[in-house]
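Some notes on the structure that comes next.
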Amino acid sequence: MSSLNSSKTALKAAVAKFATVQLGHMPTPLEEMPNLGKELGLSLFVKRDDCTGIAFGGNKIRQLEFYFGQALEQGADTVLITGAVQSNFVRSVAAVAGKLNMQCHVQLEERVSDPSPLYRDNGNVLLDKLLGAVIHHFPEGENEAAADAAMAVLASKLAAEGRKPYVIHLGPKHFPLGGYGYVNAAIELSEQLQTSHKHLQAFDEIYIGSGSALTHAGLLVGLRALGIDTPVKGVCVRRGVEAQKPRVLERANALIEGAGLPLRLSDSDIDVFDGTLAPGYGMLNDQTKQAILLTANKEGLFLDPVYTGKVMAAIIKKARGGVIAGKNILFWHTGGTPVLFSYQDQLS
Ligand SMILES: Cc1ncc(COP(=O)(O)O)c(C=O)c1O
């Protein structure tokens, strides 16, 4: 316990050198999912990051504490972000910008082919509009570098008009600052484990969505820096294992270097699973639909078709395949529930 406490103090000090603004409702609850656990033959818990507060919560609020901290430090008055049409990150940025009296420009990328009218207008798009974001469109779809370049052009234009823009970049060429939000989440979890029921002490595996990889990488770095070696299973939501694994590793080591932590991760530390991703980003599959229905029915808890539904589908697949029978599993709920309303035609 005392070595955990001393690594926690060191980790907190390492992360404290980055500016932050306090945004979220933390700590988020850590709860048991007894009915679904029984159904799957597991001891199943959920970390409720869907309850981080601000405009339907989610994992992005933890990351934004760092991005907005840096934006305010730099004197920015305008924030820019690019993401999928139904991006939760975009909606969260629009909400926080409004709260901090900043202007917000969002660029929506056409990553999903043949989207329904609901996908274009409901869910997060409706919320972006209600939040007053200035919406731009990026018709090219899945091209991270080009989407980033378009943001840079827009930022220059705004700067020429006298604004002080701050771009939130999630691409691999940029420092993954927001990942420290999940280093803090690892500290938070360790504190909950220290004070909770002993049953919570030893998760065998933690399941979390892995997209830009900031969440996955941050959590992994935080846990390892605390000396906690629980496997973190990143469930691929955007790209397959081959592309995602090096991305998580690179993001994790960038976070380690940025904070000067005495740690280095290698390929074997990164665990990603893409067995529930098909047919691709933002595309609902039957396993995910079943996961959404089962979780709603058994636990009164909503998941989404793009991220958390695929993570729960992975847990269900492994449980039913006997791979994790009887284990103590933590499902990390990263939010995203407004997306549900844009998939109404496929879910109802
Ligand atoms: C609800 C939800 N879960 C998980 C993720 C994946 O997080 P990350 O992009 O940090 O890998 C996202 C990303 O947009 C998300 O919106």
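For the structure tokens, the naming scheme is as follows: chains receive sequential letters (A, B, ...) according to their order of presentation, residues are indexed from 1 within each chain, and ligands are indexed from 1 in presentation order.
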Could the residues of chain A that have an atom at most 8 Å from ligand 1 be listed as a tab-separated table, each with its closest atom pair and the distance in Å to one decimal, counting only C-alpha atoms and all ligand atoms and ordered by chain and ascending residue number?
```
residue	atom	partner	partner_atom_place_in_ligand_line	distance
A:Asp50	CA	ligand 1	1 (C)	8.0
A:Gly58	CA	ligand 1	1 (C)	6.0
A:Asn59	CA	ligand 1	2 (C)	6.3
A:Lys60	CA	ligand 1	16 (O)	7.0
A:Ser87	CA	ligand 1	14 (O)	6.0
A:Asn88	CA	ligand 1	16 (O)	4.5
A:Phe89	CA	ligand 1	14 (O)	5.6
A:Leu170	CA	ligand 1	9 (O)	7.9
A:Gly179	CA	ligand 1	10 (O)	7.4
A:Ile208	CA	ligand 1	4 (C)	7.2
A:Gly209	CA	ligand 1	4 (C)	4.6
A:Ser210	CA	ligand 1	11 (O)	4.0
A:Gly211	CA	ligand 1	11 (O)	3.4
A:Ser212	CA	ligand 1	9 (O)	3.6
A:Ala213	CA	ligand 1	11 (O)	3.5
A:Leu214	CA	ligand 1	10 (O)	4.0
A:Thr215	CA	ligand 1	10 (O)	3.8
A:His216	CA	ligand 1	11 (O)	5.9
A:Val237	CA	ligand 1	6 (C)	7.2
A:Asp304	CA	ligand 1	1 (C)	7.4
A:Val306	CA	ligand 1	1 (C)	7.5
A:Tyr307	CA	ligand 1	3 (N)	4.8
A:Thr308	CA	ligand 1	3 (N)	5.9
A:His333	CA	ligand 1	3 (N)	7.3
A:Thr334	CA	ligand 1	3 (N)	4.4
A:Gly335	CA	ligand 1	1 (C)	4.3
A:Gly336	CA	ligand 1	1 (C)	3.8
A:Thr337	CA	ligand 1	1 (C)	7.3
```
Using backbone DSSP assignments, extract all strand (DSSP E) residues from region 191-247 of chain A; output them as a JSON list (two decimals) with C-alpha atoms, in the first residue's frame.
```
[["chain", "number", "residue", "atom", "x", "y", "z"],
["A", 205, "GLU", "CA", -9.07, -7.45, -17.10],
["A", 206, "ILE", "CA", -10.26, -3.94, -17.97],
["A", 207, "TYR", "CA", -12.11, -3.34, -21.28],
["A", 208, "ILE", "CA", -12.13, 0.10, -22.90],
["A", 209, "GLY", "CA", -12.73, 1.54, -26.38],
["A", 210, "SER", "CA", -9.64, 2.37, -28.45],
["A", 232, "VAL", "CA", -6.09, -3.25, -20.34],
["A", 233, "LYS", "CA", -7.99, -4.63, -23.33],
["A", 234, "GLY", "CA", -8.47, -1.91, -25.93],
["A", 235, "VAL", "CA", -11.43, -2.73, -28.14],
["A", 236, "CYS", "CA", -10.88, -1.32, -31.64]]
```
* Between CA of Phe331 (chain A) and CA of Phe45 (chain A), what is the distance, to one decimal in Å? ->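 Separation between CA of Phe331 (chain A) and CA of Phe45 (chain A): 6.1 Å.
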* **For Asp121 (chain A): contacts at 12 Å, only C-alpha atoms, fewer than 6 positions along chain excluded, given as an MDAnalysis selection string** => chainID A and resid 85:86 108 115 127:130 338:339 341:344
* **d(CA of Ala84 (chain A), CA of Cys104 (chain A)) in Å** =>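 Between CA of Ala84 (chain A) and CA of Cys104 (chain A) the gap works out to 15.9 Å.
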* To do: Show which residues sit within 6 Å of region 309-321 of chain A, as an MDAnalysis selection string. Count only C-alpha atoms, and ignore same-chain residues fewer than 4 positions away.
  => chainID A and resid 40 209 235 276 287:288 291:292 303:305 325
* To do: Using only C-alpha atoms, pick whichever of A:Pro279, A:Gly300, A:Gly227, A:Gly178 has the shortest atom-to-atom distance to Ser6 (chain A).
  =>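 Residue with the minimum atom-to-atom distance to Ser6 (chain A): A:Gly227.
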* **Given only C-alpha atoms as the counted atoms, nearest of A:Thr230, A:Gly326, A:Leu189, A:Leu340 to Lys8 (chain A)** =>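 Among A:Thr230, A:Gly326, A:Leu189, A:Leu340, it is A:Leu189 that comes nearest to Lys8 (chain A).
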* Would you please extract all alpha helix (DSSP H) residues from region 20-254 of chain A, as assigned by DSSP on the backbone, and give them as a ChimeraX atom specification? => /A:34-40,60-73,88-99,117-121,123-130,144-160,180-195,214-225,241-254
* Hey, can you check how far CA of Ala155 (chain A) sits from CA of Leu255 (chain A)? ->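 Taking CA of Ala155 (chain A) as the start and CA of Leu255 (chain A) as the end point, the length is 25.5 Å.
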* **Counting only C-alpha atoms, the residue of A:Asp274, A:Glu39, A:Leu226, A:Gln346 that sits nearest Leu118 (chain A)** =>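 Answer, going by the shortest atom-to-atom distance: A:Gln346.
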* Using only C-alpha atoms: which of A:Pro231, A:Leu219, A:Pro27, A:Ser3 has the shortest distance to Ile329 (chain A) ->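 Between A:Pro231, A:Leu219, A:Pro27, A:Ser3, the residue approaching Ile329 (chain A) most closely is A:Pro231.
Distance check against Ile168 (chain A) using only C-alpha atoms: of A:Thr82, A:Gln192, A:Asn143, A:Asn253, the minimum falls on A:Thr82.
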